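**Student:** Quick one: this structure, given as structure tokens, is what I'll be asking you about.
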Amino acid sequence: MSVALHPGTGADASSSIVEVKGIGMIYPGGTVALEGLDLEIPSGQMTTLLGPSGCGKTTLLKIIAGLLEATSGEVWVAGTRVFGPGRERAFVFQDFALLPWATVLRNVAFGLELQGRDKAERERVARANIEKVGLAGFENAYPHELSGGMRQRVGLARALCVDAQVLLMDEPFSAVDEQTRRLFQEELLRLLAKENKTVIFVTHSIEEAVYMSDRIVLLSPRPGRINRIVTTEIDRQGLTSDEIRREKRFLDTVEDIWGTLKRYLDDERMEE
Amino acid sequence: MTIAEAKQPPSGATIAVPGTLLWRLLSMCLLFGAWEIAGRIPISVAFPSFIETMTALGQMTADGRLFAAYADTLKPLLIGVGVSAIFGVVFGITMGLSRGFQWIGEPIFVVMQAAPMVALIPLVTFAYGIGLAAKVCTVIILATPIIVLNAYKAVRNANPTLIQMCRSFQGTRLQQIIKIIIPDASPMIFAGLRLGVAAGFIGVILAELLITPTGIGDLITYHRSVAEYADMYAAIFSIMVFAAVSVGLLERAEVAFFRPERKTRKDA
């Protein structure tokens, strides 16, 4: 595979860090969101969960995060069964989830604050991560003074602070405008290439999924099951983002996935 | 980008600040002007002009009558509002956090808020006599329901994503309450406190007019009975200003202690 975020770690790319075994989720009221879902997420890669709206991708991500309890099945992260949120996982929220009454610095350090680390230490770690996401100089700003893209950088820095192995990102760019989104995507790729992290990324954008990830898990509509797993084999080496977007492999993969999703939409329409 | 650029407030806000003050002054001038004219016509012999009222207010302040009256009025007001605020906020938060307390408390306080509780003043007098206790009780029954209900609703509506965020970083339930729920609920809790303090003022004046005339209520009743209307209106005017200023100060305190981010917003 040529697109792994960490080409050097190719040897253990096959070992999975997150294992989802027979996960089923029935919401109160009887909606079956997920059914008998098995999935292995390889370590050190970016895996995208992609599917039509209502296929349970965010539900699956929140089950992995331990924020939702599955009706059946098990989730294992780094060899331990998940019964709730844990230190080896950090979540980046779709709507940022920043404390409006706290400065950027306190927001970024919030995960460490909850762990009870002392103020000087958590602020030192937070400052380093604020710098990493490109927000140096904004430590004392409040969320309402920042743009959507900057707010999500705060959310990302907060997740990086707790130094979790697995980053769970729930449509992190959906509330950000298109230009910011593209810039942010590139920066995130560059940043993650340096950190040895496994990323599970939920998106509804096919292009974003193909552009960002090593593996795309395509989910079928309700109840969510795995349709198939696409490995994006795009050689990103030496290419600019625009060149990647014009690559034949890129366009073919997008087209291929769109074909599958379109069938779901057509089926849905037929049912109606 | 520098921080200065990012912190640029919307252009409307910068010019609005001196403008707001001007409009506020103009609004007051219009009101007091209309009052002066109405007093001079006069629309009623019992309605003094603005200047007469202010003169009376000056005299009452100078000879100390006003301060003596406030010393009397403030006692039941402060005790009553203090008890209502502490009990109301604590009980309201508990109701928001626990279904059990919600089921016990909600019907009582919804009825108390909707019903004209002033009708219970005779009952209060019957139970507590005509002293301080009865007045404190009147303030409490008027101020508490709105404080409880606002605190309860604020906690119940605390941002679920923030709570989820706290859980995702392994925050304990106590951390969730102290670091997320209460700060997130504080604007609405304070809105309830402001309404509660305003209701407390209504309570104390009603108690002083209906139970036994003391303090400001006594000034109003006495000057009405001897037809010194300027003095009567001066007392009413002073308590209105006092109530408005108290509620305003509470808002300042809220921003200063709980919402630091609002200090950077020009006109919030």
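By convention here, the chains of the structure tokens are called A, B, ... in the order presented, each chain's residues are numbered starting at 1, and ligands are numbered starting at 1 in the order presented.
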Give as a PyMOL selection string every residue of chain A that touches chain B within 9 Å, counting only C-alpha atoms.

**Tutor:** chain A and resi 65-67+84-87+89-93+95-103+110-112+114-115+137-138+141-147+159+162

**Student:** Considering only C-alpha atoms, return as JSON, numbers by chain whatever protein or nucleic-acid residues lie within 10 Å of Ala126 (chain A), sequence-local ones (same chain, fewer than 4 positions apart) excluded.

**Tutor:** {"A": [104, 105, 106, 107, 108, 109, 110, 111, 112, 120, 121, 122, 130, 131, 132, 139, 154, 157, 158, 160, 161, 162]}

**Student:** Now that the selection is made, can you save its residues with N, CA and C atoms as a short mmCIF file (atom, residue, chain, number, x, y, z; two decimals), in the first residue's frame?

**Tutor:**
data_model
loop_
_atom_site.label_atom_id
_atom_site.label_comp_id
_atom_site.auth_asym_id
_atom_site.auth_seq_id
_atom_site.Cartn_x
_atom_site.Cartn_y
_atom_site.Cartn_z
N VAL A 104 -9.04 29.44 24.61
CA VAL A 104 -8.48 28.38 23.78
C VAL A 104 -7.55 27.50 24.63
N LEU A 105 -6.72 28.17 25.44
CA LEU A 105 -5.76 27.41 26.25
C LEU A 105 -6.46 26.44 27.19
N ARG A 106 -7.49 26.91 27.87
CA ARG A 106 -8.18 26.02 28.82
C ARG A 106 -8.94 24.93 28.07
N ASN A 107 -9.54 25.29 26.95
CA ASN A 107 -10.25 24.29 26.15
C ASN A 107 -9.32 23.18 25.70
N VAL A 108 -8.15 23.58 25.19
CA VAL A 108 -7.21 22.58 24.69
C VAL A 108 -6.72 21.70 25.85
N ALA A 109 -6.54 22.31 27.01
CA ALA A 109 -6.02 21.57 28.16
C ALA A 109 -7.11 20.84 28.92
N PHE A 110 -8.35 20.91 28.45
CA PHE A 110 -9.48 20.41 29.25
C PHE A 110 -9.40 18.91 29.55
N GLY A 111 -8.96 18.14 28.54
CA GLY A 111 -8.83 16.70 28.76
C GLY A 111 -7.85 16.41 29.89
N LEU A 112 -6.75 17.17 29.93
CA LEU A 112 -5.74 16.99 30.98
C LEU A 112 -6.27 17.50 32.31
N ALA A 120 0.43 23.94 35.51
CA ALA A 120 1.62 24.30 34.73
C ALA A 120 1.90 23.25 33.66
N GLU A 121 1.77 21.98 34.05
CA GLU A 121 2.07 20.91 33.11
C GLU A 121 1.06 20.87 31.98
N ARG A 122 -0.24 20.97 32.34
CA ARG A 122 -1.24 20.84 31.27
C ARG A 122 -1.17 22.04 30.32
N ILE A 130 -1.30 23.64 20.65
CA ILE A 130 -1.89 24.80 19.98
C ILE A 130 -0.97 25.23 18.84
N GLU A 131 0.30 25.20 19.12
CA GLU A 131 1.30 25.52 18.11
C GLU A 131 1.22 24.55 16.93
N LYS A 132 1.09 23.27 17.26
CA LYS A 132 1.03 22.22 16.26
C LYS A 132 -0.12 22.41 15.28
N GLU A 139 -4.04 31.75 22.22
CA GLU A 139 -4.23 31.02 23.48
C GLU A 139 -5.31 31.65 24.36
N VAL A 154 -9.02 23.83 17.57
CA VAL A 154 -8.99 23.74 19.03
C VAL A 154 -9.43 22.34 19.45
N ALA A 157 -6.62 19.97 18.73
CA ALA A 157 -5.52 20.13 19.69
C ALA A 157 -5.88 19.50 21.03
N ARG A 158 -7.13 19.65 21.44
CA ARG A 158 -7.58 19.06 22.70
C ARG A 158 -7.44 17.53 22.66
N LEU A 160 -5.37 15.88 20.72
CA LEU A 160 -3.95 15.52 20.64
C LEU A 160 -3.29 15.58 22.02
N CYS A 161 -3.76 16.51 22.87
CA CYS A 161 -3.17 16.72 24.20
C CYS A 161 -3.16 15.47 25.05
N VAL A 162 -4.23 14.68 24.98
CA VAL A 162 -4.31 13.52 25.88
C VAL A 162 -3.49 12.35 25.34
#

**Student:** Compile the contact shell of region 21-32 of chain A as a PyMOL selection string: residues with an atom at most 7 Å away, counting only C-alpha atoms, same-chain residues fewer than 4 positions apart removed.

**Tutor:** chain A and resi 36-39+70-75+222-223

**Student:** Keeping only C-alpha atoms, write the selected residues to a file as a PDB file, in the first residue's frame.

**Tutor:**
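Now in out_2.pdb:
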ATOM      1  CA  GLY A  36     -23.957  -7.820  13.144  1.00  0.00           C
ATOM      2  CA  LEU A  37     -21.087  -5.565  12.220  1.00  0.00           C
ATOM      3  CA  ASP A  38     -17.528  -6.900  12.255  1.00  0.00           C
ATOM      4  CA  LEU A  39     -14.601  -4.641  11.510  1.00  0.00           C
ATOM      5  CA  ALA A  70     -24.138  -1.228  21.785  1.00  0.00           C
ATOM      6  CA  THR A  71     -27.132  -3.521  22.080  1.00  0.00           C
ATOM      7  CA  SER A  72     -24.978  -6.506  21.197  1.00  0.00           C
ATOM      8  CA  GLY A  73     -21.389  -7.307  20.330  1.00  0.00           C
ATOM      9  CA  GLU A  74     -18.020  -6.205  21.622  1.00  0.00           C
ATOM     10  CA  VAL A  75     -15.420  -3.566  20.854  1.00  0.00           C
ATOM     11  CA  ARG A 222     -30.170   1.062   7.829  1.00  0.00           C
ATOM     12  CA  PRO A 223     -29.528  -1.313   9.368  1.00  0.00           C
TER      13      PRO A 223
END

**Student:** So, with only C-alpha atoms as the atoms that count, which of A:Leu183, A:Gln94, A:Ser220, A:Val202 lies closest to Arg151 (chain A)?

**Tutor:**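 Using only C-alpha atoms, the shortest distance to Arg151 (chain A) belongs to A:Gln94.
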
**Student:** What are the DSSP helix (DSSP H, G or I) residues of region 117-172 of chain B, as an MDAnalysis selection string?

**Tutor:** chainID B and resid 117:128 132:156 160:168

**Student:** For the strand (DSSP E) assignment from backbone DSSP, which residues of region 52-258 of chain A qualify? Please present them as a PyMOL selection string.

**Tutor:** chain A and resi 72-77+80-81+89-92+166-170+198-203+215-219+226-231

**Student:** Report the distance between CA of Pro122 (chain B) and CA of Ile211 (chain B) in Å, rounded to one decimal place.

**Tutor:**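 These two atoms are separated by 8.2 Å.
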
**Student:** Could you tell me how far CA of Val166 (chain A) sits from CA of Ile244 (chain A), in Å to one decimal place?

**Tutor:**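 Atom-to-atom, CA of Ile244 (chain A) and CA of Val166 (chain A) are spaced 26.2 Å apart.
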